[in-house]
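S.K.: Could you have a look at this structure, given as structure tokens, before my questions?
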Amino acid sequence: MSAAGAILALETSCDDTCAAVVTPEGEIRSNVVSSQGVHDRYGGVVPEVAARHHLELATPVVEDALARAGATVDDVGLVAVTQGPGLVGALLVGLATAKGLAAARGLPLAGVDHLQGHVAANYLGPEPFEPPFLCLVASGGHTFLARVTRHDGFDVLGRTLDDAAGEAIDKGARLMGLPFPGGPALERLAAEGDAGAFAFPTASRVPGLDFSFAGLKTALLYTVRELGEGAAAERRADLAASYQHAVVEALALRVERGLEATGLRRLAIGGGVAANGPLRERMAGLGVELRVPPRELCTDNAAMIASAARWATPLRGEAAFSLDAYATGQRGL
Ligand code: KG4
Ligand code: ZN
């Protein structure tokens, strides 16, 4: 590999074991994601199971990321790792692995905030999207709207008051008998249905830039109950399309308000839900400059953590060794 001083990043905040090699300029050399695929039988991520699988997968995934980049540890100049927010047991596996690597090779270690990672996915090559911009991050664990004016942080303008958008999608999908995580399956089923068949709420009465998805979830539950098992099964595609439409509209409403409030005419979207086709189309129709990272950079990955690490403080020695995980974000997210 030509670029010396590469960043080797690990991301283990939830159920995907991820490692990536990225150059200091933000060029992705490899981006490996190993999805555990063991949580669907429980209908959600089981923290202990996730941590155990990270333990098994972390080293092979790091080796795979280096091999795919055509690199060895000798090419690495910085080790980066997700510190939080996320499942603490899962995060600790990534942290321990990263600390071990850094200590063994005498390399600096950068702790990265997972949400900053989702924002920093926009700074990766080949065409980095530079601040200032409005950023919507919608994932399984988080949903927020931010004003981004610098590479090393963001200002939260609005956040979800209850469920994250992806959580609402996963719970809705589960009610429709779809496998976990529900997003991709819901999107496929929705493609065969009528988005106008059911009028689900978008929490438009919640003022300002905060999100709320609890009412939507309840509305789906009542609709399914009213229809009865047979009719609900028959109309699954219509239910999926209408439900997905409500999630997209709820997100779009806050984005429109955010653009209006900030006067920004540049928008980036990220997080797993940003992989959703109809959401991408809706955002493209807003008439502002839009950045939509490729799907593999929207869902959890380590390339985004490496990207963010370029503006993080590299730690050595005791400071690196005592880097700790956190479950809840430093911004209260
Ligand atoms: O960012 P992410 O990979 O992990 C978290 O940090 O949570 O986001 C995962 C979420 C899940 O709720 C999943 O159902 C949702 O993103 N998702 C989608 C799609 N692909 C993943 N939601 C809607 N449409 C999709 N195509
Ligand atoms: Zn995420």
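As shown in the structure tokens, the chain order sets the letters A, B, ...; within each chain, residues go from 1, and ligands are also counted from 1 in the order they appear.
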Neighbours of ligand 2 at 8 Å or closer, counting only C-alpha atoms and all ligand atoms: which residues, as a PyMOL selection string?

M.R.: chain A and resi 13-14+114-115+118+139-142+271-272+298-301

S.K.: Fewer than 6 positions away in the same chain doesn't count, so skip those; otherwise give me all residues within 12 Å of Ala219 in chain A, counting only C-alpha atoms, as a list of chain:residue names.

M.R.: A:Ala168, A:Gly172, A:Leu175, A:Phe198, A:Ala199, A:Phe200, A:Pro201, A:Thr202, A:Ala203, A:Phe213, A:Arg225, A:Glu226, A:Leu239, A:Ser242, A:Tyr243, A:Ala246

S.K.: I need the residues from that last selection saved to file as a JSON list (two decimals), in the first residue's frame (with N, CA, C and O atoms), if you can.

M.R.:
[["chain", "number", "residue", "atom", "x", "y", "z"],
["A", 168, "ALA", "N", -38.39, 2.69, 15.11],
["A", 168, "ALA", "CA", -39.79, 2.70, 14.70],
["A", 168, "ALA", "C", -39.98, 1.79, 13.48],
["A", 168, "ALA", "O", -40.96, 1.03, 13.41],
["A", 172, "GLY", "N", -42.20, -1.58, 13.64],
["A", 172, "GLY", "CA", -43.31, -1.68, 12.69],
["A", 172, "GLY", "C", -43.16, -2.91, 11.81],
["A", 172, "GLY", "O", -44.11, -3.65, 11.58],
["A", 175, "LEU", "N", -44.09, -6.05, 13.54],
["A", 175, "LEU", "CA", -45.54, -6.20, 13.63],
["A", 175, "LEU", "C", -46.10, -6.76, 12.32],
["A", 175, "LEU", "O", -47.14, -7.40, 12.30],
["A", 198, "PHE", "N", -53.19, 4.01, 3.93],
["A", 198, "PHE", "CA", -53.47, 4.33, 5.33],
["A", 198, "PHE", "C", -52.80, 5.65, 5.67],
["A", 198, "PHE", "O", -51.67, 5.89, 5.27],
["A", 199, "ALA", "N", -53.53, 6.49, 6.45],
["A", 199, "ALA", "CA", -52.95, 7.79, 6.84],
["A", 199, "ALA", "C", -52.35, 7.66, 8.24],
["A", 199, "ALA", "O", -53.05, 7.75, 9.24],
["A", 200, "PHE", "N", -51.05, 7.42, 8.30],
["A", 200, "PHE", "CA", -50.36, 7.31, 9.59],
["A", 200, "PHE", "C", -49.79, 8.67, 10.00],
["A", 200, "PHE", "O", -49.40, 9.47, 9.14],
["A", 201, "PRO", "N", -49.74, 8.94, 11.31],
["A", 201, "PRO", "CA", -49.31, 10.28, 11.77],
["A", 201, "PRO", "C", -47.81, 10.54, 11.63],
["A", 201, "PRO", "O", -47.01, 9.60, 11.68],
["A", 202, "THR", "N", -47.47, 11.81, 11.45],
["A", 202, "THR", "CA", -46.06, 12.21, 11.32],
["A", 202, "THR", "C", -45.62, 13.11, 12.47],
["A", 202, "THR", "O", -44.57, 13.73, 12.41],
["A", 203, "ALA", "N", -46.43, 13.18, 13.52],
["A", 203, "ALA", "CA", -46.13, 14.02, 14.70],
["A", 203, "ALA", "C", -45.88, 15.47, 14.28],
["A", 203, "ALA", "O", -45.01, 16.13, 14.83],
["A", 213, "PHE", "N", -41.74, 9.34, 17.24],
["A", 213, "PHE", "CA", -42.25, 8.22, 16.45],
["A", 213, "PHE", "C", -43.15, 7.29, 17.26],
["A", 213, "PHE", "O", -43.64, 6.30, 16.73],
["A", 225, "ARG", "N", -54.77, -4.23, 14.51],
["A", 225, "ARG", "CA", -55.80, -4.85, 15.36],
["A", 225, "ARG", "C", -57.19, -4.70, 14.76],
["A", 225, "ARG", "O", -57.97, -5.64, 14.74],
["A", 226, "GLU", "N", -57.48, -3.49, 14.27],
["A", 226, "GLU", "CA", -58.79, -3.22, 13.68],
["A", 226, "GLU", "C", -59.03, -4.05, 12.44],
["A", 226, "GLU", "O", -60.13, -4.54, 12.20],
["A", 239, "LEU", "N", -49.81, -1.61, 4.14],
["A", 239, "LEU", "CA", -49.42, -1.16, 5.48],
["A", 239, "LEU", "C", -47.95, -0.74, 5.48],
["A", 239, "LEU", "O", -47.59, 0.31, 6.02],
["A", 242, "SER", "N", -47.49, 2.59, 3.54],
["A", 242, "SER", "CA", -48.04, 3.75, 4.25],
["A", 242, "SER", "C", -47.19, 4.09, 5.47],
["A", 242, "SER", "O", -46.98, 5.26, 5.80],
["A", 243, "TYR", "N", -46.72, 3.06, 6.14],
["A", 243, "TYR", "CA", -45.90, 3.25, 7.34],
["A", 243, "TYR", "C", -44.56, 3.88, 6.96],
["A", 243, "TYR", "O", -44.12, 4.85, 7.58],
["A", 246, "ALA", "N", -44.97, 7.48, 6.17],
["A", 246, "ALA", "CA", -45.09, 8.34, 7.36],
["A", 246, "ALA", "C", -43.72, 8.62, 7.98],
["A", 246, "ALA", "O", -43.44, 9.75, 8.40]]

S.K.: List all protein, DNA and RNA residues that have at least one atom no more than 10 Å from any atom of ligand 1, counting only C-alpha atoms and all ligand atoms, and write them as a ChimeraX atom specification.

M.R.: /A:13-16,44,85-86,114-115,118,137-143,164-173,179-188,244,247-248,270-280,295-301

S.K.: Determine the nearest neighbour of Leu161 in chain A from the options A:Leu78, A:Leu333, A:Val255, A:Val292, counting only C-alpha atoms.

M.R.: A:Leu333

S.K.: Which of these, A:Leu10, A:Leu264, A:Leu178, A:Ala250, has the shortest distance to Val61 in chain A once you count only C-alpha atoms?

M.R.: A:Leu10

S.K.: Report the distance between CA of Ala325 in chain A and CA of Arg52 in chain A in Å, rounded to one decimal place.

M.R.: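 Interatomic distance, CA of Ala325 in chain A to CA of Arg52 in chain A: 16.5 Å.
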
S.K.: Tell me which of A:Glu192, A:Asp324, A:Glu11, A:Glu130 sits closest to Arg235 in chain A, counting only C-alpha atoms.

M.R.: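 Checking each candidate against Arg235 in chain A, we get A:Glu192 as the closest.
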
S.K.: Find the residues near Thr97 in chain A: any atom within 9 Å, counting only C-alpha atoms, skip ones fewer than 5 places away on the same chain, and give them as a PyMOL selection string.

M.R.: chain A and resi 10+55+58-59+92+102

S.K.: Selection from above, N, CA, C and O atoms, as a CSV table (one decimal), in the first residue's frame, can you write it?

M.R.:
chain,number,residue,atom,x,y,z
A,10,LEU,N,-11.8,0.7,14.1
A,10,LEU,CA,-12.7,-0.4,14.6
A,10,LEU,C,-14.0,0.2,15.0
A,10,LEU,O,-14.0,1.3,15.7
A,55,LEU,N,-16.1,-10.4,20.1
A,55,LEU,CA,-14.8,-11.0,20.6
A,55,LEU,C,-14.3,-12.0,19.6
A,55,LEU,O,-13.1,-12.1,19.4
A,58,ALA,N,-13.5,-9.7,16.0
A,58,ALA,CA,-12.7,-8.5,16.0
A,58,ALA,C,-11.3,-8.7,15.2
A,58,ALA,O,-11.0,-8.0,14.3
A,59,THR,N,-10.6,-9.7,15.7
A,59,THR,CA,-9.3,-9.9,15.1
A,59,THR,C,-9.3,-10.4,13.6
A,59,THR,O,-8.7,-9.7,12.8
A,92,LEU,N,-16.6,-2.2,24.5
A,92,LEU,CA,-15.4,-2.6,25.2
A,92,LEU,C,-14.5,-3.6,24.4
A,92,LEU,O,-13.3,-3.5,24.5
A,102,ALA,N,-2.6,-0.7,19.4
A,102,ALA,CA,-1.9,0.5,19.5
A,102,ALA,C,-0.6,0.3,20.4
A,102,ALA,O,0.5,0.7,20.1

S.K.: As a ChimeraX atom specification, please: the residues near Thr17 in chain A (cut-off 7 Å, only C-alpha atoms, same-chain neighbours under 6 positions excluded).

M.R.: /A:11,33-35,54,57-58

S.K.: Let me make sure I understand: among A:Ser30, A:Ser204, A:Ser307, A:Thr328, which one has the smallest atom-to-atom distance to Ala67 in chain A if we use only C-alpha atoms?

M.R.: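 Looking at the shortest contact to Ala67 in chain A, the residue is A:Ser30.
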
S.K.: Tell me, which residues of range 17-243 of chain A carry DSSP strand (DSSP E), written as a ChimeraX atom specification?

M.R.: /A:17-22,28-35,76-84,109-113,133-138,143-150,153-159

S.K.: Could you write out, as an NGL selection string, all the residues of range 42-240 of chain A that DSSP marks as alpha helix (DSSP H)?

M.R.: :A and (47-68 or 88-105 or 114-120 or 165-175 or 182-190 or 214-234 or 236-240)

S.K.: So which residues touch Ala90 in chain A within 6 Å, counting only C-alpha atoms, skipping near sequence neighbours fewer than 2 positions away, as a PDB file with N, CA, C and O atoms, in the first residue's frame?

M.R.:
ATOM      1  N   THR A  12     -17.552  -1.235  16.926  1.00  0.00           N
ATOM      2  CA  THR A  12     -18.285  -2.372  17.508  1.00  0.00           C
ATOM      3  C   THR A  12     -19.379  -1.876  18.457  1.00  0.00           C
ATOM      4  O   THR A  12     -19.599  -2.472  19.500  1.00  0.00           O
ATOM      5  N   SER A  13     -20.062  -0.774  18.087  1.00  0.00           N
ATOM      6  CA  SER A  13     -21.002  -0.186  19.044  1.00  0.00           C
ATOM      7  C   SER A  13     -22.314  -0.948  19.154  1.00  0.00           C
ATOM      8  O   SER A  13     -23.030  -0.829  20.140  1.00  0.00           O
ATOM      9  N   ALA A  51     -21.649  -8.801  22.216  1.00  0.00           N
ATOM     10  CA  ALA A  51     -20.287  -8.673  22.747  1.00  0.00           C
ATOM     11  C   ALA A  51     -19.478  -9.942  22.483  1.00  0.00           C
ATOM     12  O   ALA A  51     -18.316  -9.887  22.084  1.00  0.00           O
ATOM     13  N   LEU A  87     -23.700  -0.078  22.943  1.00  0.00           N
ATOM     14  CA  LEU A  87     -23.758  -1.116  23.976  1.00  0.00           C
ATOM     15  C   LEU A  87     -22.375  -1.214  24.611  1.00  0.00           C
ATOM     16  O   LEU A  87     -21.389  -1.459  23.909  1.00  0.00           O
ATOM     17  N   VAL A  88     -22.311  -0.994  25.917  1.00  0.00           N
ATOM     18  CA  VAL A  88     -20.999  -0.891  26.565  1.00  0.00           C
ATOM     19  C   VAL A  88     -20.160  -2.166  26.393  1.00  0.00           C
ATOM     20  O   VAL A  88     -18.972  -2.101  26.063  1.00  0.00           O
ATOM     21  N   LEU A  92     -16.583  -2.193  24.514  1.00  0.00           N
ATOM     22  CA  LEU A  92     -15.369  -2.568  25.242  1.00  0.00           C
ATOM     23  C   LEU A  92     -14.506  -3.552  24.448  1.00  0.00           C
ATOM     24  O   LEU A  92     -13.277  -3.516  24.546  1.00  0.00           O
ATOM     25  N   VAL A  93     -15.144  -4.406  23.666  1.00  0.00           N
ATOM     26  CA  VAL A  93     -14.375  -5.359  22.848  1.00  0.00           C
ATOM     27  C   VAL A  93     -13.557  -4.599  21.802  1.00  0.00           C
ATOM     28  O   VAL A  93     -12.367  -4.861  21.613  1.00  0.00           O
TER      29      VAL A  93
END

S.K.: By how many Å are CA of Ala50 in chain A and CA of Asp163 in chain A apart?

M.R.: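 For CA of Ala50 in chain A relative to CA of Asp163 in chain A, the distance reads 21.1 Å.
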
S.K.: Compare A:Arg282, A:Asn31, A:Leu109, A:Ile305 by their minimum atom-to-atom distance to Ala319 in chain A, counting only C-alpha atoms, and give me the closest one.

M.R.: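 Closest residue, counting only C-alpha atoms: A:Leu109.
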
S.K.: What gap, in Å, lies between CA of Ala261 in chain A and CA of Val148 in chain A?

M.R.: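 Computed distance, CA of Ala261 in chain A to CA of Val148 in chain A, equals 13.9 Å.
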